[in-house]
Amino acid sequence: MAKPAKRAPVKKAEAAQKAAPAKKAAAKKTAPVKKVARAKKAASAGSAPPVGKAVAPRKVAVAPKKATAAVRKVAPAKTLAPRAPKNESRTALVRRARRIDRELAEVYPYAHPELDFENPFQLLVATVLSAQTTDLRVNQTTPALFARYPTPEDLAAANPEEVEEILRPTGFFRAKTKSVIGLSKALAEEFGGEVPGRLEDLVKLPGVGRKTAFVVLGNAFGRPGLTVDTHFQRLVRRWQWTEETDPEKIEAAVAALFPQSDWTMLSHHVIFHGRRICHARKPACGACPIAPLCPAYGEGETDPEKAKKLLKYEKGGFPGQRLKPPQSYLDAGGRPAPPLGAG
């Protein structure tokens, strides 16, 4: 009769063994809850929560305005516009360069030469005068010059001292007077008073180089050419289209990236962008329409609001450089420049 009495402990042991897995499972379920509770207490106390494998995800707090502004300054340099790889292929470079030009064409559909002119002779003289000064200053000066000397023959026979007095505001007025009178004499004596439409003839004129010649060919004769001025040189290097520093080598390198029919308008797009947004000292990176394509993004101001304050001419709501700009420019919100001595 002692055997039945021994069966009770065995049943209890079996029941305990069966209950053990259930207790462990319950303990595993409650462990994350306890860890989360401890994390919340630690967070409320200002200390970091303990590190654990099963910590529940927390909601990300919204940063204050100042912190958000700081993040905006840093993040775009990594995500918005990564630098072009050093081993960028030739095909990739061509595609990126042409896409930049297409984007700029949408931003500046009214891009044009920013020198006032009514004929090839006026454009030639104005371009020579634009060296070492702004187009605005030239545009403010040439009305008086062309009113007094409207043709190459008139300027060729002019008194140098009188011309110098008119050109004084443009700087280097003595050298410029010598150039414009010299090229006027050459036009009158060698080309019948007409501006030649060939590069090889234009570069023989006093004070006329390739840059000036292409301005005249592209905008007065409709013959494609790249205007490699200081803005153009700076931007194409900044965009890593070329590493060349010599203007003629830059011209050759960039010309190889585009069809010849695009050269003249490409020059206008690049120069417009350099004057309005991509400045030499303080580029307005935060307001730049081609930021995702620019290897140099982040060299300038990246905060959008601060970048807007750096915009110039029509982009910043200010007058342009021409006294008589094209109608398309006026339709886009541009304003004519004031004449010399106004305001």
# chains A, B, ... in the order shown; residues from 1 in each chain; ligands from 1

$ residues_around --residues "Ala253 (chain A)" --least-positions-apart "6" --cutoff "9 Å" --atoms "only C-alpha atoms" --output "list in words"
Trp241, Thr242 and Glu244 of chain A

$ write_last_selection --atoms "N, CA, C and O atoms" --output "mmCIF file, in the first residue's frame"
data_model
loop_
_atom_site.group_PDB
_atom_site.id
_atom_site.type_symbol
_atom_site.label_atom_id
_atom_site.label_comp_id
_atom_site.auth_asym_id
_atom_site.auth_seq_id
_atom_site.Cartn_x
_atom_site.Cartn_y
_atom_site.Cartn_z
ATOM 1 N N TRP A 241 34.976 70.172 -66.086
ATOM 2 C CA TRP A 241 34.915 69.857 -67.513
ATOM 3 C C TRP A 241 36.325 69.785 -68.079
ATOM 4 O O TRP A 241 36.565 69.096 -69.062
ATOM 5 N N THR A 242 37.217 70.532 -67.473
ATOM 6 C CA THR A 242 38.614 70.538 -67.902
ATOM 7 C C THR A 242 39.478 71.050 -66.764
ATOM 8 O O THR A 242 38.987 71.759 -65.877
ATOM 9 N N GLU A 244 42.430 72.532 -67.714
ATOM 10 C CA GLU A 244 43.295 73.475 -68.421
ATOM 11 C C GLU A 244 43.120 74.891 -67.856
ATOM 12 O O GLU A 244 42.061 75.250 -67.336
#

$ residues_around --residues "Ala287 (chain A)" --least-positions-apart "5" --cutoff "9 Å" --atoms "only C-alpha atoms" --output "PDB file with N, CA and C atoms, in the first residue's frame"
ATOM      1  N   ILE A 277      24.639  83.568 -60.188  1.00  0.00           N
ATOM      2  CA  ILE A 277      24.560  82.606 -59.091  1.00  0.00           C
ATOM      3  C   ILE A 277      25.924  82.054 -58.675  1.00  0.00           C
ATOM      4  N   GLU A 301      27.625  79.311 -50.134  1.00  0.00           N
ATOM      5  CA  GLU A 301      26.540  79.275 -49.165  1.00  0.00           C
ATOM      6  C   GLU A 301      25.492  78.247 -49.569  1.00  0.00           C
ATOM      7  N   THR A 302      25.215  77.271 -48.681  1.00  0.00           N
ATOM      8  CA  THR A 302      24.258  76.217 -49.006  1.00  0.00           C
ATOM      9  C   THR A 302      22.880  76.456 -48.404  1.00  0.00           C
ATOM     10  N   ASP A 303      22.779  77.318 -47.419  1.00  0.00           N
ATOM     11  CA  ASP A 303      21.468  77.606 -46.851  1.00  0.00           C
ATOM     12  C   ASP A 303      20.621  78.345 -47.890  1.00  0.00           C
ATOM     13  N   PRO A 304      19.439  77.811 -48.238  1.00  0.00           N
ATOM     14  CA  PRO A 304      18.632  78.416 -49.304  1.00  0.00           C
ATOM     15  C   PRO A 304      18.288  79.878 -49.083  1.00  0.00           C
ATOM     16  N   GLU A 305      17.916  80.230 -47.880  1.00  0.00           N
ATOM     17  CA  GLU A 305      17.517  81.613 -47.607  1.00  0.00           C
ATOM     18  C   GLU A 305      18.704  82.567 -47.712  1.00  0.00           C
ATOM     19  N   LYS A 306      19.840  82.152 -47.182  1.00  0.00           N
ATOM     20  CA  LYS A 306      21.031  82.998 -47.254  1.00  0.00           C
ATOM     21  C   LYS A 306      21.552  83.075 -48.692  1.00  0.00           C
ATOM     22  N   ALA A 307      21.420  81.962 -49.419  1.00  0.00           N
ATOM     23  CA  ALA A 307      21.893  81.937 -50.805  1.00  0.00           C
ATOM     24  C   ALA A 307      21.075  82.891 -51.678  1.00  0.00           C
ATOM     25  N   LYS A 308      19.779  83.002 -51.415  1.00  0.00           N
ATOM     26  CA  LYS A 308      18.930  83.897 -52.206  1.00  0.00           C
ATOM     27  C   LYS A 308      19.411  85.345 -52.132  1.00  0.00           C
ATOM     28  N   LEU A 310      22.324  86.355 -52.168  1.00  0.00           N
ATOM     29  CA  LEU A 310      23.536  86.530 -52.964  1.00  0.00           C
ATOM     30  C   LEU A 310      23.247  86.664 -54.460  1.00  0.00           C
ATOM     31  N   LEU A 311      22.014  86.418 -54.864  1.00  0.00           N
ATOM     32  CA  LEU A 311      21.672  86.447 -56.289  1.00  0.00           C
ATOM     33  C   LEU A 311      21.764  87.859 -56.851  1.00  0.00           C
TER      34      LEU A 311
END

$ select_by_dssp --residues "region 116-293 of chain A" --states "helix (DSSP H, G or I)" --output "MDAnalysis selection string"
chainID A and resid 120:129 135:148 152:156 160:170 173:190 199:202 210:220 230:238 247:255 260:276 285:287 291:293

$ write_last_selection --atoms "C-alpha atoms" --output "mmCIF file, in the first residue's frame"
data_model
loop_
_atom_site.group_PDB
_atom_site.id
_atom_site.type_symbol
_atom_site.label_atom_id
_atom_site.label_comp_id
_atom_site.auth_asym_id
_atom_site.auth_seq_id
_atom_site.Cartn_x
_atom_site.Cartn_y
_atom_site.Cartn_z
ATOM 1 C CA PRO A 120 28.745 94.385 -85.903
ATOM 2 C CA PHE A 121 30.947 97.495 -85.631
ATOM 3 C CA GLN A 122 29.337 98.581 -82.362
ATOM 4 C CA LEU A 123 29.603 95.063 -80.931
ATOM 5 C CA LEU A 124 33.267 94.829 -81.928
ATOM 6 C CA VAL A 125 34.170 98.148 -80.302
ATOM 7 C CA ALA A 126 32.097 97.430 -77.180
ATOM 8 C CA THR A 127 33.728 94.030 -76.719
ATOM 9 C CA VAL A 128 37.212 95.546 -76.951
ATOM 10 C CA LEU A 129 36.206 98.159 -74.370
ATOM 11 C CA ASP A 135 29.591 95.308 -69.479
ATOM 12 C CA LEU A 136 27.417 97.745 -67.544
ATOM 13 C CA ARG A 137 30.136 100.398 -67.565
ATOM 14 C CA VAL A 138 30.721 99.864 -71.273
ATOM 15 C CA ASN A 139 26.997 100.161 -72.005
ATOM 16 C CA GLN A 140 26.880 103.409 -70.077
ATOM 17 C CA THR A 141 29.833 104.778 -72.072
ATOM 18 C CA THR A 142 29.255 103.701 -75.671
ATOM 19 C CA PRO A 143 26.101 105.761 -76.379
ATOM 20 C CA ALA A 144 28.154 108.951 -76.324
ATOM 21 C CA LEU A 145 30.944 107.332 -78.340
ATOM 22 C CA PHE A 146 28.701 106.002 -81.125
ATOM 23 C CA ALA A 147 26.624 109.181 -81.239
ATOM 24 C CA ARG A 148 29.792 111.122 -82.075
ATOM 25 C CA PRO A 152 34.656 103.091 -88.596
ATOM 26 C CA GLU A 153 35.658 105.995 -90.844
ATOM 27 C CA ASP A 154 34.461 108.526 -88.249
ATOM 28 C CA LEU A 155 36.314 106.856 -85.389
ATOM 29 C CA ALA A 156 39.446 106.365 -87.498
ATOM 30 C CA PRO A 160 42.555 110.612 -79.648
ATOM 31 C CA GLU A 161 42.264 113.045 -76.739
ATOM 32 C CA GLU A 162 38.546 113.465 -77.324
ATOM 33 C CA VAL A 163 38.051 109.708 -77.512
ATOM 34 C CA GLU A 164 40.071 109.233 -74.331
ATOM 35 C CA GLU A 165 37.809 111.622 -72.494
ATOM 36 C CA ILE A 166 34.737 109.651 -73.524
ATOM 37 C CA LEU A 167 36.315 106.299 -72.637
ATOM 38 C CA ARG A 168 37.794 107.402 -69.315
ATOM 39 C CA PRO A 169 35.065 105.673 -67.205
ATOM 40 C CA THR A 170 35.967 102.260 -68.652
ATOM 41 C CA PHE A 173 41.246 104.487 -71.527
ATOM 42 C CA ARG A 174 44.485 105.404 -73.319
ATOM 43 C CA ALA A 175 45.206 101.829 -74.416
ATOM 44 C CA LYS A 176 41.560 101.312 -75.354
ATOM 45 C CA THR A 177 41.507 104.532 -77.357
ATOM 46 C CA LYS A 178 44.524 103.340 -79.302
ATOM 47 C CA SER A 179 42.858 99.984 -79.979
ATOM 48 C CA VAL A 180 39.453 101.262 -81.149
ATOM 49 C CA ILE A 181 40.987 103.947 -83.378
ATOM 50 C CA GLY A 182 43.479 101.397 -84.739
ATOM 51 C CA LEU A 183 40.857 98.773 -85.545
ATOM 52 C CA SER A 184 38.651 101.452 -87.107
ATOM 53 C CA LYS A 185 41.488 102.472 -89.411
ATOM 54 C CA ALA A 186 42.083 98.835 -90.343
ATOM 55 C CA LEU A 187 38.399 98.344 -91.108
ATOM 56 C CA ALA A 188 38.291 101.494 -93.232
ATOM 57 C CA GLU A 189 41.498 100.757 -95.133
ATOM 58 C CA GLU A 190 41.446 96.962 -95.478
ATOM 59 C CA LEU A 199 38.084 84.541 -87.428
ATOM 60 C CA GLU A 200 41.442 84.862 -89.172
ATOM 61 C CA ASP A 201 40.613 88.416 -90.280
ATOM 62 C CA LEU A 202 39.182 89.581 -86.958
ATOM 63 C CA ARG A 210 39.895 85.000 -80.085
ATOM 64 C CA LYS A 211 37.442 85.803 -77.304
ATOM 65 C CA THR A 212 36.419 89.102 -78.895
ATOM 66 C CA ALA A 213 36.307 87.525 -82.340
ATOM 67 C CA PHE A 214 33.949 84.753 -81.200
ATOM 68 C CA VAL A 215 31.654 87.259 -79.484
ATOM 69 C CA VAL A 216 31.314 89.094 -82.798
ATOM 70 C CA LEU A 217 31.051 85.963 -84.950
ATOM 71 C CA GLY A 218 28.477 84.311 -82.723
ATOM 72 C CA ASN A 219 26.252 87.303 -82.008
ATOM 73 C CA ALA A 220 26.621 89.511 -85.082
ATOM 74 C CA THR A 230 36.858 84.896 -66.908
ATOM 75 C CA HIS A 231 33.414 83.605 -65.899
ATOM 76 C CA PHE A 232 33.542 80.817 -68.466
ATOM 77 C CA GLN A 233 37.037 79.759 -67.435
ATOM 78 C CA ARG A 234 36.138 79.698 -63.757
ATOM 79 C CA LEU A 235 32.927 77.702 -64.092
ATOM 80 C CA VAL A 236 34.104 75.002 -66.500
ATOM 81 C CA ARG A 237 37.012 74.262 -64.169
ATOM 82 C CA ARG A 238 34.688 74.318 -61.145
ATOM 83 C CA PRO A 247 42.058 80.039 -72.628
ATOM 84 C CA GLU A 248 42.734 78.401 -75.997
ATOM 85 C CA LYS A 249 43.161 74.966 -74.411
ATOM 86 C CA ILE A 250 39.967 75.502 -72.381
ATOM 87 C CA GLU A 251 38.191 76.441 -75.595
ATOM 88 C CA ALA A 252 39.361 73.272 -77.321
ATOM 89 C CA ALA A 253 38.507 71.018 -74.368
ATOM 90 C CA VAL A 254 34.984 72.363 -73.895
ATOM 91 C CA ALA A 255 34.267 72.529 -77.619
ATOM 92 C CA GLN A 260 29.285 73.121 -82.733
ATOM 93 C CA SER A 261 25.727 74.419 -83.024
ATOM 94 C CA ASP A 262 25.552 74.749 -79.205
ATOM 95 C CA TRP A 263 28.719 76.791 -78.696
ATOM 96 C CA THR A 264 27.347 80.340 -78.813
ATOM 97 C CA MET A 265 24.363 79.751 -76.525
ATOM 98 C CA LEU A 266 26.462 77.573 -74.233
ATOM 99 C CA SER A 267 28.725 80.580 -73.709
ATOM 100 C CA HIS A 268 25.744 82.766 -72.798
ATOM 101 C CA HIS A 269 24.335 80.175 -70.390
ATOM 102 C CA VAL A 270 27.643 79.714 -68.571
ATOM 103 C CA ILE A 271 28.413 83.444 -68.370
ATOM 104 C CA PHE A 272 24.896 84.280 -67.189
ATOM 105 C CA HIS A 273 25.179 81.650 -64.457
ATOM 106 C CA GLY A 274 28.598 82.897 -63.394
ATOM 107 C CA ARG A 275 27.344 86.467 -63.039
ATOM 108 C CA ARG A 276 24.082 85.659 -61.298
ATOM 109 C CA CYS A 285 25.042 76.983 -53.860
ATOM 110 C CA GLY A 286 21.757 76.839 -51.955
ATOM 111 C CA ALA A 287 19.969 78.596 -54.830
ATOM 112 C CA ALA A 291 23.584 71.663 -57.603
ATOM 113 C CA PRO A 292 23.051 67.890 -58.074
ATOM 114 C CA LEU A 293 25.384 67.979 -61.083
#

$ closest_residue --among "A:Lys309, A:Arg281, A:Arg335, A:Arg90" --to "Gln321 (chain A)" --atoms "only C-alpha atoms"
A:Arg335

$ atom_distance --atom1 "CA of Glu103 (chain A)" --atom2 "CA of Leu257 (chain A)"
15.9 Å

$ atom_distance --atom1 "CA of Gly222 (chain A)" --atom2 "CA of Pro319 (chain A)"
27.2 Å

$ closest_residue --among "A:Gly171, A:Gly192, A:Gly334, A:Gly197" --to "Tyr108 (chain A)" --atoms "only C-alpha atoms"
A:Gly334

$ atom_distance --atom1 "CA of Ala296 (chain A)" --atom2 "CA of Val107 (chain A)"
19.4 Å
